[in-house]
>>> print(open('structure.pdb').read())   # PDB, C-alpha atoms
MODEL        1
ATOM      1  CA  MET A 159       8.892   5.237  19.380
ATOM      2  CA  THR A 160       5.490   5.123  21.068
ATOM      3  CA  GLN A 161       4.385   1.547  21.561
ATOM      4  CA  LYS A 162       1.447   0.571  19.374
ATOM      5  CA  HIS A 163      -1.184  -2.102  19.244
ATOM      6  CA  CYS A 164      -0.596  -3.570  15.777
ATOM      7  CA  ILE A 165      -3.527  -5.384  14.213
ATOM      8  CA  LEU A 166      -2.530  -7.807  11.465
ATOM      9  CA  ILE A 167      -5.283  -8.238   8.885
ATOM     10  CA  GLY A 168      -4.894 -10.910   6.220
ATOM     11  CA  ALA A 169      -6.281  -9.728   2.889
ATOM     12  CA  PRO A 170      -5.605 -12.555   0.398
ATOM     13  CA  VAL A 171      -6.875 -10.505  -2.546
ATOM     14  CA  ASP A 172      -5.970 -12.223  -5.806
ATOM     15  CA  CYS A 173      -8.581 -10.765  -8.158
ATOM     16  CA  GLY A 174      -7.027  -7.419  -9.063
ATOM     17  CA  LYS A 175      -4.944  -9.006 -11.806
ATOM     18  CA  ARG A 176      -4.749 -12.211 -13.782
ATOM     19  CA  ARG A 177      -1.434 -13.598 -12.538
ATOM     20  CA  ARG A 178      -2.269 -15.683  -9.507
ATOM     21  CA  GLY A 179      -0.333 -16.083  -6.279
ATOM     22  CA  CYS A 180      -0.943 -12.997  -4.115
ATOM     23  CA  LEU A 181      -3.506 -14.896  -2.061
ATOM     24  CA  MET A 182      -0.525 -16.584  -0.392
ATOM     25  CA  GLY A 183       0.915 -13.236   0.702
ATOM     26  CA  PRO A 184      -0.599 -12.946   4.202
ATOM     27  CA  ASP A 185       0.682 -16.340   5.287
ATOM     28  CA  ALA A 186       4.104 -15.601   3.797
ATOM     29  CA  TYR A 187       4.349 -12.532   6.049
ATOM     30  CA  ARG A 188       3.362 -14.647   9.020
ATOM     31  CA  THR A 189       5.979 -17.259   8.098
ATOM     32  CA  ALA A 190       8.597 -14.515   7.741
ATOM     33  CA  GLY A 191       7.914 -13.541  11.348
ATOM     34  CA  ILE A 192       6.078 -10.238  11.127
ATOM     35  CA  ALA A 193       4.357 -10.699  14.492
ATOM     36  CA  GLU A 194       7.592 -11.709  16.211
ATOM     37  CA  ALA A 195       9.472  -8.745  14.706
ATOM     38  CA  LEU A 196       6.893  -6.256  15.993
ATOM     39  CA  THR A 197       6.633  -7.902  19.404
ATOM     40  CA  ALA A 198      10.423  -7.709  19.756
ATOM     41  CA  LEU A 199      10.135  -3.948  19.303
ATOM     42  CA  GLY A 200       7.774  -3.731  22.264
ATOM     43  CA  HIS A 201       4.511  -3.453  20.365
ATOM     44  CA  THR A 202       1.498  -5.612  21.080
ATOM     45  CA  VAL A 203       0.256  -7.665  18.143
ATOM     46  CA  GLU A 204      -3.179  -9.034  17.348
ATOM     47  CA  ASP A 205      -3.697 -11.194  14.268
ATOM     48  CA  ILE A 206      -7.348 -11.361  13.238
ATOM     49  CA  GLY A 207      -6.675 -13.910  10.497
ATOM     50  CA  ASN A 208      -7.583 -13.785   6.841
ATOM     51  CA  LEU A 209     -10.734 -11.989   5.743
ATOM     52  CA  ALA A 210     -12.991 -12.932   2.838
ATOM     53  CA  PRO A 211     -14.790 -10.731   0.297
ATOM     54  CA  ALA A 212     -18.440  -9.879   0.755
ATOM     55  CA  GLU A 213     -20.724 -11.612  -1.721
ATOM     56  CA  VAL A 214     -22.144  -8.955  -4.025
ATOM     57  CA  THR A 215     -23.979  -8.788  -7.324
ATOM     58  CA  VAL A 216     -22.885  -6.114  -9.769
ATOM     59  CA  PRO A 217     -23.911  -5.156 -13.294
ATOM     60  CA  ALA A 218     -21.680  -6.187 -16.186
ATOM     61  CA  PRO A 219     -18.816  -3.708 -16.576
ATOM     62  CA  ARG A 220     -18.949  -1.274 -19.471
ATOM     63  CA  ASN A 221     -15.351  -2.194 -20.259
ATOM     64  CA  PRO A 222     -15.381  -5.867 -21.312
ATOM     65  CA  LEU A 223     -11.717  -6.240 -20.317
ATOM     66  CA  VAL A 224     -12.444  -5.757 -16.611
ATOM     67  CA  HIS A 225     -11.432  -8.822 -14.582
ATOM     68  CA  LYS A 226     -13.506 -10.123 -11.648
ATOM     69  CA  LEU A 227     -15.420  -6.932 -10.909
ATOM     70  CA  ALA A 228     -17.783  -8.474  -8.338
ATOM     71  CA  GLU A 229     -14.962 -10.012  -6.314
ATOM     72  CA  ASN A 230     -13.043  -6.733  -6.309
ATOM     73  CA  VAL A 231     -16.139  -4.875  -5.136
ATOM     74  CA  GLY A 232     -16.715  -7.485  -2.429
ATOM     75  CA  TRP A 233     -13.189  -7.068  -1.129
ATOM     76  CA  THR A 234     -13.564  -3.287  -1.147
ATOM     77  CA  GLN A 235     -16.688  -3.570   0.991
ATOM     78  CA  THR A 236     -15.059  -5.992   3.435
ATOM     79  CA  LEU A 237     -11.823  -4.048   3.838
ATOM     80  CA  MET A 238     -13.494  -0.665   4.126
ATOM     81  CA  ALA A 239     -15.458  -1.982   7.099
ATOM     82  CA  ALA A 240     -12.410  -3.744   8.592
ATOM     83  CA  ALA A 241     -10.326  -0.568   8.399
ATOM     84  CA  GLN A 242     -12.928   1.491  10.227
ATOM     85  CA  ASP A 243     -13.416  -1.185  12.880
ATOM     86  CA  THR A 244      -9.777  -1.945  13.664
ATOM     87  CA  ALA A 245      -8.497   1.632  13.482
ATOM     88  CA  LYS A 246     -10.554   2.439  16.570
ATOM     89  CA  ARG A 247      -8.325   0.234  18.699
ATOM     90  CA  GLY A 248      -4.907   0.111  17.093
ATOM     91  CA  MET A 249      -2.769   0.382  13.960
ATOM     92  CA  PRO A 250      -4.135  -1.794  11.151
ATOM     93  CA  ILE A 251      -1.531  -3.559   9.002
ATOM     94  CA  PHE A 252      -3.206  -4.995   5.916
ATOM     95  CA  MET A 253      -1.226  -7.950   4.601
ATOM     96  CA  GLY A 254      -2.034  -8.501   0.945
ATOM     97  CA  GLY A 255      -2.937  -9.566  -1.506
ATOM     98  CA  ASP A 256      -2.732  -7.396  -4.628
ATOM     99  CA  HIS A 257      -3.071  -3.619  -4.672
ATOM    100  CA  ALA A 258      -6.787  -3.728  -5.455
ATOM    101  CA  LEU A 259      -7.199  -4.120  -1.689
ATOM    102  CA  ALA A 260      -6.256  -0.465  -1.175
ATOM    103  CA  ALA A 261      -9.599   0.669  -2.569
ATOM    104  CA  GLY A 262     -11.112  -0.613   0.670
ATOM    105  CA  THR A 263      -8.283   0.067   3.107
ATOM    106  CA  VAL A 264      -7.678   3.663   2.032
ATOM    107  CA  ALA A 265     -11.384   4.498   1.824
ATOM    108  CA  GLY A 266     -11.938   3.000   5.267
ATOM    109  CA  MET A 267      -9.009   4.809   6.858
ATOM    110  CA  ALA A 268     -10.092   8.104   5.284
ATOM    111  CA  ALA A 269     -13.525   7.603   6.838
ATOM    112  CA  HIS A 270     -11.882   6.883  10.206
ATOM    113  CA  ALA A 271      -9.823  10.092   9.982
ATOM    114  CA  ALA A 272     -12.970  12.071   9.192
ATOM    115  CA  SER A 273     -14.665  10.576  12.259
ATOM    116  CA  ARG A 274     -11.787  11.972  14.333
ATOM    117  CA  ASN A 275     -12.031  15.378  12.598
ATOM    118  CA  ARG A 276      -8.524  15.019  11.236
ATOM    119  CA  PRO A 277      -7.289  15.352   7.638
ATOM    120  CA  PHE A 278      -6.237  12.177   5.861
ATOM    121  CA  PHE A 279      -3.060  11.712   3.831
ATOM    122  CA  ALA A 280      -1.761   8.767   1.792
ATOM    123  CA  LEU A 281       1.804   7.843   0.835
ATOM    124  CA  TRP A 282       1.852   5.604  -2.250
ATOM    125  CA  LEU A 283       5.155   3.707  -2.534
ATOM    126  CA  ASP A 284       4.827   2.103  -5.941
ATOM    127  CA  ALA A 285       6.226   1.908  -9.461
ATOM    128  CA  HIS A 286       2.696   2.675 -10.710
ATOM    129  CA  SER A 287       0.191   5.426  -9.988
ATOM    130  CA  ASP A 288      -2.893   3.128  -9.908
ATOM    131  CA  ILE A 289      -5.218   5.998 -10.838
ATOM    132  CA  HIS A 290      -7.127   4.260 -13.637
ATOM    133  CA  THR A 291     -10.863   3.557 -13.491
ATOM    134  CA  PRO A 292     -12.711   0.421 -14.633
ATOM    135  CA  ASP A 293     -13.603   2.349 -17.793
ATOM    136  CA  THR A 294     -10.067   3.518 -18.633
ATOM    137  CA  THR A 295      -7.960   0.456 -17.805
ATOM    138  CA  ASP A 296      -6.667  -1.198 -20.957
ATOM    139  CA  SER A 297      -5.558  -4.318 -19.071
ATOM    140  CA  GLY A 298      -8.782  -4.827 -17.148
ATOM    141  CA  ASN A 299      -6.736  -5.403 -13.984
ATOM    142  CA  LEU A 300      -8.352  -3.506 -11.142
ATOM    143  CA  HIS A 301      -5.207  -3.389  -9.006
ATOM    144  CA  GLY A 302      -4.436  -0.361 -11.180
ATOM    145  CA  THR A 303      -7.518   1.562 -10.006
ATOM    146  CA  PRO A 304      -7.587   2.096  -6.202
ATOM    147  CA  VAL A 305      -6.340   5.690  -6.308
ATOM    148  CA  GLY A 306      -8.932   6.444  -8.975
ATOM    149  CA  TYR A 307     -11.634   5.100  -6.672
ATOM    150  CA  VAL A 308     -10.632   6.813  -3.434
ATOM    151  CA  THR A 309     -10.204  10.192  -5.159
ATOM    152  CA  GLY A 310     -13.713  10.042  -6.547
ATOM    153  CA  ARG A 311     -13.087   9.551 -10.251
ATOM    154  CA  ALA A 312     -16.103   8.564 -12.353
ATOM    155  CA  GLY A 313     -16.599   4.952 -13.424
ATOM    156  CA  PHE A 314     -16.890   3.199 -10.074
ATOM    157  CA  ASP A 315     -20.685   2.853 -10.111
ATOM    158  CA  ALA A 316     -20.508  -0.797  -8.966
ATOM    159  CA  TYR A 317     -18.382   0.042  -5.923
ATOM    160  CA  PRO A 318     -19.622   1.086  -2.484
ATOM    161  CA  PRO A 319     -20.288   4.840  -2.256
ATOM    162  CA  LEU A 320     -17.232   6.623  -0.898
ATOM    163  CA  PRO A 321     -17.754   7.667   2.721
ATOM    164  CA  VAL A 322     -15.080  10.349   2.289
ATOM    165  CA  LYS A 323     -13.249  11.444  -0.850
ATOM    166  CA  VAL A 324      -9.458  11.552  -0.521
ATOM    167  CA  GLU A 325      -8.142  14.910  -1.666
ATOM    168  CA  THR A 326      -5.522  14.537  -4.390
ATOM    169  CA  GLN A 327      -3.307  17.202  -2.824
ATOM    170  CA  ASN A 328      -3.030  14.926   0.208
ATOM    171  CA  ILE A 329      -1.466  12.069  -1.783
ATOM    172  CA  CYS A 330       2.251  11.593  -2.399
ATOM    173  CA  MET A 331       3.506   8.959  -4.835
ATOM    174  CA  ILE A 332       7.148   7.924  -4.534
ATOM    175  CA  GLY A 333       9.010   5.491  -6.795
ATOM    176  CA  LEU A 334       7.044   6.048 -10.012
ATOM    177  CA  ARG A 335       8.557   4.629 -13.164
ATOM    178  CA  SER A 336       5.688   3.042 -15.116
ATOM    179  CA  VAL A 337       2.804   5.437 -15.798
ATOM    180  CA  ASP A 338       0.777   5.142 -18.993
ATOM    181  CA  ALA A 339      -0.655   7.935 -21.157
ATOM    182  CA  ALA A 340      -4.162   7.871 -19.647
ATOM    183  CA  GLU A 341      -2.724   8.149 -16.133
ATOM    184  CA  HIS A 342      -0.346  10.911 -17.213
ATOM    185  CA  ALA A 343      -3.287  12.928 -18.462
ATOM    186  CA  VAL A 344      -4.949  12.772 -15.051
ATOM    187  CA  LEU A 345      -1.790  13.377 -13.030
ATOM    188  CA  ASP A 346      -0.523  16.219 -15.219
ATOM    189  CA  ASP A 347      -3.752  18.127 -14.586
ATOM    190  CA  GLY A 348      -3.823  17.362 -10.876
ATOM    191  CA  ASP A 349      -2.005  18.147  -7.670
ATOM    192  CA  VAL A 350      -0.798  14.750  -6.466
ATOM    193  CA  MET A 351       2.793  15.056  -5.268
ATOM    194  CA  LEU A 352       4.785  12.954  -7.748
ATOM    195  CA  VAL A 353       8.289  11.678  -7.047
ATOM    196  CA  ASP A 354       9.583   9.506  -9.864
ATOM    197  CA  MET A 355      12.851   7.615  -9.877
ATOM    198  CA  ARG A 356      14.662  10.308 -11.887
ATOM    199  CA  ARG A 357      13.854  12.851  -9.194
ATOM    200  CA  ILE A 358      15.108  10.383  -6.594
ATOM    201  CA  ASP A 359      18.303   9.910  -8.614
ATOM    202  CA  GLU A 360      18.791  13.684  -8.786
ATOM    203  CA  GLU A 361      17.668  14.797  -5.315
ATOM    204  CA  GLY A 362      17.715  11.672  -3.188
ATOM    205  CA  ILE A 363      14.652  10.165  -1.572
ATOM    206  CA  SER A 364      14.703  11.960   1.771
ATOM    207  CA  ALA A 365      14.108  15.575   0.682
ATOM    208  CA  PRO A 366      10.787  15.096  -1.141
ATOM    209  CA  LEU A 367       9.539  12.681   1.521
ATOM    210  CA  GLN A 368      10.371  15.162   4.280
ATOM    211  CA  THR A 369       8.510  17.885   2.408
ATOM    212  CA  PHE A 370       5.409  15.719   2.366
ATOM    213  CA  LEU A 371       5.770  14.665   6.001
ATOM    214  CA  ASP A 372       6.092  18.292   7.057
ATOM    215  CA  ARG A 373       2.758  18.997   5.357
ATOM    216  CA  VAL A 374       1.102  16.074   7.130
ATOM    217  CA  ALA A 375       2.478  17.185  10.488
ATOM    218  CA  ALA A 376       1.445  20.809   9.973
ATOM    219  CA  ALA A 377      -2.135  19.680   9.292
ATOM    220  CA  ASN A 378      -2.187  17.221  12.235
ATOM    221  CA  GLY A 379      -3.023  14.605   9.638
ATOM    222  CA  MET A 380      -3.399  10.841   9.820
ATOM    223  CA  LEU A 381      -1.091   9.066   7.361
ATOM    224  CA  HIS A 382      -1.762   5.796   5.567
ATOM    225  CA  VAL A 383       1.205   4.120   3.849
ATOM    226  CA  SER A 384       0.578   1.776   0.930
ATOM    227  CA  LEU A 385       3.771  -0.180   0.220
ATOM    228  CA  ASP A 386       3.854  -2.158  -3.024
ATOM    229  CA  VAL A 387       6.625  -4.719  -3.507
ATOM    230  CA  ASP A 388       7.357  -3.182  -6.910
ATOM    231  CA  PHE A 389       8.407   0.077  -5.224
ATOM    232  CA  LEU A 390      11.623  -1.871  -4.698
ATOM    233  CA  ASP A 391      13.999  -2.932  -7.439
ATOM    234  CA  PRO A 392      13.212  -6.466  -8.663
ATOM    235  CA  SER A 393      16.831  -7.498  -8.092
ATOM    236  CA  ILE A 394      16.170  -7.297  -4.341
ATOM    237  CA  ALA A 395      12.420  -8.024  -4.333
ATOM    238  CA  PRO A 396      11.610 -10.518  -7.086
ATOM    239  CA  ALA A 397       8.264 -11.774  -5.721
ATOM    240  CA  VAL A 398       5.939  -9.521  -7.680
ATOM    241  CA  GLY A 399       4.139  -9.949 -10.985
ATOM    242  CA  THR A 400       4.603  -6.308 -12.047
ATOM    243  CA  THR A 401       8.376  -5.920 -12.026
ATOM    244  CA  VAL A 402       9.834  -2.667 -13.348
ATOM    245  CA  PRO A 403      13.633  -2.279 -13.310
ATOM    246  CA  GLY A 404      15.191   0.706 -11.589
ATOM    247  CA  GLY A 405      13.324   0.717  -8.289
ATOM    248  CA  ALA A 406      14.324   1.670  -4.773
ATOM    249  CA  THR A 407      17.343   0.044  -3.164
ATOM    250  CA  VAL A 408      17.371  -1.691   0.200
ATOM    251  CA  ARG A 409      18.831   1.398   1.864
ATOM    252  CA  GLU A 410      16.357   3.759   0.176
ATOM    253  CA  GLY A 411      13.511   1.550   1.334
ATOM    254  CA  HIS A 412      14.774   1.489   4.911
ATOM    255  CA  LEU A 413      15.457   5.235   4.900
ATOM    256  CA  VAL A 414      11.840   5.898   3.919
ATOM    257  CA  MET A 415      10.628   3.645   6.718
ATOM    258  CA  GLU A 416      13.001   5.146   9.280
ATOM    259  CA  MET A 417      11.831   8.645   8.394
ATOM    260  CA  LEU A 418       8.216   7.554   8.689
ATOM    261  CA  SER A 419       9.012   6.061  12.092
ATOM    262  CA  ASP A 420      10.694   9.279  13.223
ATOM    263  CA  SER A 421       7.685  11.302  12.118
ATOM    264  CA  GLY A 422       5.233   9.404  14.309
ATOM    265  CA  LEU A 423       2.510  10.135  11.745
ATOM    266  CA  VAL A 424       1.686   6.694  10.336
ATOM    267  CA  THR A 425      -1.642   5.285  11.483
ATOM    268  CA  SER A 426      -2.091   2.375   9.039
ATOM    269  CA  LEU A 427      -0.137   0.311   6.518
ATOM    270  CA  ASP A 428      -0.726  -1.781   3.390
ATOM    271  CA  LEU A 429       1.769  -4.484   2.372
ATOM    272  CA  VAL A 430       0.745  -5.425  -1.153
ATOM    273  CA  GLU A 431       1.582  -7.415  -4.289
ATOM    274  CA  LEU A 432       3.760 -10.043  -2.611
ATOM    275  CA  ASN A 433       3.494 -13.192  -4.729
ATOM    276  CA  PRO A 434       5.343 -15.950  -2.824
ATOM    277  CA  PHE A 435       5.124 -18.202  -5.880
ATOM    278  CA  LEU A 436       7.696 -15.892  -7.515
ATOM    279  CA  ASP A 437       9.977 -15.454  -4.497
ATOM    280  CA  ASP A 438      13.500 -16.756  -3.932
ATOM    281  CA  ARG A 439      13.599 -18.585  -0.576
ATOM    282  CA  GLY A 440      11.496 -15.922   1.098
ATOM    283  CA  THR A 441      13.798 -13.042   0.144
ATOM    284  CA  THR A 442      11.011 -10.604  -0.634
ATOM    285  CA  ALA A 443       8.785 -11.561   2.280
ATOM    286  CA  ASN A 444      11.715 -11.167   4.677
ATOM    287  CA  LEU A 445      12.611  -7.759   3.224
ATOM    288  CA  MET A 446       9.017  -6.522   3.512
ATOM    289  CA  VAL A 447       8.930  -7.653   7.144
ATOM    290  CA  ASP A 448      12.237  -5.893   7.788
ATOM    291  CA  LEU A 449      10.860  -2.693   6.234
ATOM    292  CA  THR A 450       7.774  -2.948   8.430
ATOM    293  CA  ALA A 451      10.033  -3.306  11.460
ATOM    294  CA  SER A 452      11.923  -0.164  10.411
ATOM    295  CA  LEU A 453       8.619   1.700  10.131
ATOM    296  CA  LEU A 454       7.795   0.591  13.658
ATOM    297  CA  GLY A 455      11.051   1.553  15.302
ATOM    298  CA  ARG A 456      13.881  -0.823  14.405
ATOM    299  CA  ARG A 457      17.095   1.109  13.877
ATOM    300  CA  VAL A 458      20.055   0.428  11.618
ATOM    301  CA  PHE A 459      22.187  -0.962  14.449
ATOM    302  CA  ASP A 460      19.448  -3.395  15.429
ATOM    303  CA  ARG A 461      19.130  -5.237  12.117
ATOM    304  CA  PRO A 462      19.459  -9.007  12.234
ATOM    305  CA  THR A 463      21.905 -10.835  10.010
ATOM    306  CA  ARG A 464      19.971 -13.168   7.729
ATOM    307  CA  SER A 465      21.198 -16.555   6.624
ATOM    308  CA  LYS A 466      20.534 -17.612   3.043
ATOM    309  CA  SER A 467      20.157 -21.241   4.056
TER     310      SER A 467
ENDMDL
END
>>> encode(input="structure.pdb", output="structure tokens")
Amino acid sequence: MTQKHCILIGAPVDCGKRRRGCLMGPDAYRTAGIAEALTALGHTVEDIGNLAPAEVTVPAPRNPLVHKLAENVGWTQTLMAAAQDTAKRGMPIFMGGDHALAAGTVAGMAAHAASRNRPFFALWLDAHSDIHTPDTTDSGNLHGTPVGYVTGRAGFDAYPPLPVKVETQNICMIGLRSVDAAEHAVLDDGDVMLVDMRRIDEEGISAPLQTFLDRVAAANGMLHVSLDVDFLDPSIAPAVGTTVPGGATVREGHLVMEMLSDSGLVTSLDLVELNPFLDDRGTTANLMVDLTASLLGRRVFDRPTRSKS
């Protein structure tokens, strides 16, 4: 594939939920050799280190369950700016951190696409749809709200104004298997492309993904991929606090990444919800790095054999 300048951005966001540990994610990816894996594929790699949230003051949330609103807003502000800055000179890879970070990364990349007069698309690889708002979440965990924010749903008054609204018809969600009633109501009335695990069981994962990629290519779109650890089955990726049985297999995960690589459409990437505190000897971090390598050109014959020691 075309050689890229990959910009690693540490986003130790740990405020989108109450279970702590995702702040260790960026360094776990570094320890698992993400830079070395990408360099071995011929890409150049720049690691700008770990960012910090902007300090902001926000009004008290209307929903008293909402957890750490100001910190989430601060991260959104920081990452929105970082996305727009780094995308000008390479492919940003945002190493999280929980999925609340995507409010900033997706909004920033959408703004970058608009500045290039190109349509923006997002591929959401996740067990959850994350389309709540601070007003509708019944857990108060804002890692369940980034899609709600970037698509312009009401209730995000405390957040930075959206530079560009992401059109729902330009979003594809693959791997869904835990969507609550409030999210169903929004998705059932909308035009997000939804690919749940039953559809994957019945049709396979490649056909719906190819349909979406064909749409992106036809529009000359820029594609952001947001990869949540819980897209994968917890038996192979245990280091996540939101496990849902029945997720993607190792081969399904790699097939998605290989197809994305073949498409040449991906311009930015989130790696989210890795909680090293819950991992088994780096299993999940290593798998996420391997998937990133597949996205950036590693082929099935080139895979390293990993020791469990």
>>> closest_residue(input="structure.pdb", among="A:Pro434, A:Gly411, A:Gly379, A:Pro304", to="Ala451 of chain A", atoms="only C-alpha atoms")
A:Gly411
>>> resolve_selection(input="structure.pdb", expression="the PyMOL selection byres ((chain A and resi 258) around 6)", output="list in words")
Gly174, Asp256, His257, Leu259, Ala260, Ala261, Leu300, His301 and Pro304 of chain A
>>> closest_residue(input="structure.pdb", among="A:Val305, A:Leu209, A:Leu445, A:Met351", to="Val324 of chain A", atoms="only C-alpha atoms")
A:Val305
>>> atom_distance(input="structure.pdb", atom1="atom CA of Ile167 of chain A", atom2="atom CA of Cys180 of chain A")
14.5 Å
>>> residues_near_point(input="structure.pdb", point="(9.1, -3.9, 3.2)", cutoff="9 Å", atoms="only C-alpha atoms", output="list in words")
Leu385, Asp386, Val387, Leu390, Gly411, His412, Met415, Leu429, Thr442, Ala443, Asn444, Leu445, Met446, Val447, Asp448, Leu449, Thr450, Ala451, Ser452 and Leu453 of chain A
>>> resolve_selection(input="structure.pdb", expression="the PyMOL selection byres ((chain A and resi 243-255) around 6)", output="PyMOL selection string")
chain A and resi 163-172+180-181+183-184+240-242+256+425-431
>>> residues_around(input="structure.pdb", residues="Ala280 of chain A", least_positions_apart="4", cutoff="12 Å", atoms="all atoms listed in the file", output="PyMOL selection string")
chain A and resi 260+263-265+267-268+271+304-305+308-309+324-332+350-351+367+370-371+373-374+379-385+423-428
>>> atom_distance(input="structure.pdb", atom1="atom CA of Ala375 of chain A", atom2="atom CA of Gly405 of chain A")
27.2 Å
>>> resolve_selection(input="structure.pdb", expression="the PyMOL selection byres ((chain A and resi 460) around 12)", output="list in words")
Ala195, Ala198, Leu199, Asp448, Ala451, Ser452, Gly455, Arg456, Arg457, Val458, Phe459, Arg461, Pro462 and Thr463 of chain A
>>> closest_residue(input="structure.pdb", among="A:Thr441, A:Ser297, A:Thr234, A:Ser421", to="Pro319 of chain A", atoms="only C-alpha atoms")
A:Thr234
>>> residues_near_point(input="structure.pdb", point="(-5.7, 2.8, -15.9)", cutoff="10 Å", atoms="all atoms listed in the file", output="list in words")
His286, Ser287, Asp288, Ile289, His290, Thr291, Pro292, Asp293, Thr294, Thr295, Asp296, Ser297, Gly298, Asn299, Leu300, His301, Gly302, Thr303, Pro304, Gly306, Val337, Asp338, Ala339, Ala340, Glu341 and His342 of chain A
>>> closest_residue(input="structure.pdb", among="A:Ala212, A:Ala376, A:Leu283, A:Gly191", to="Met355 of chain A", atoms="all atoms listed in the file")
A:Leu283
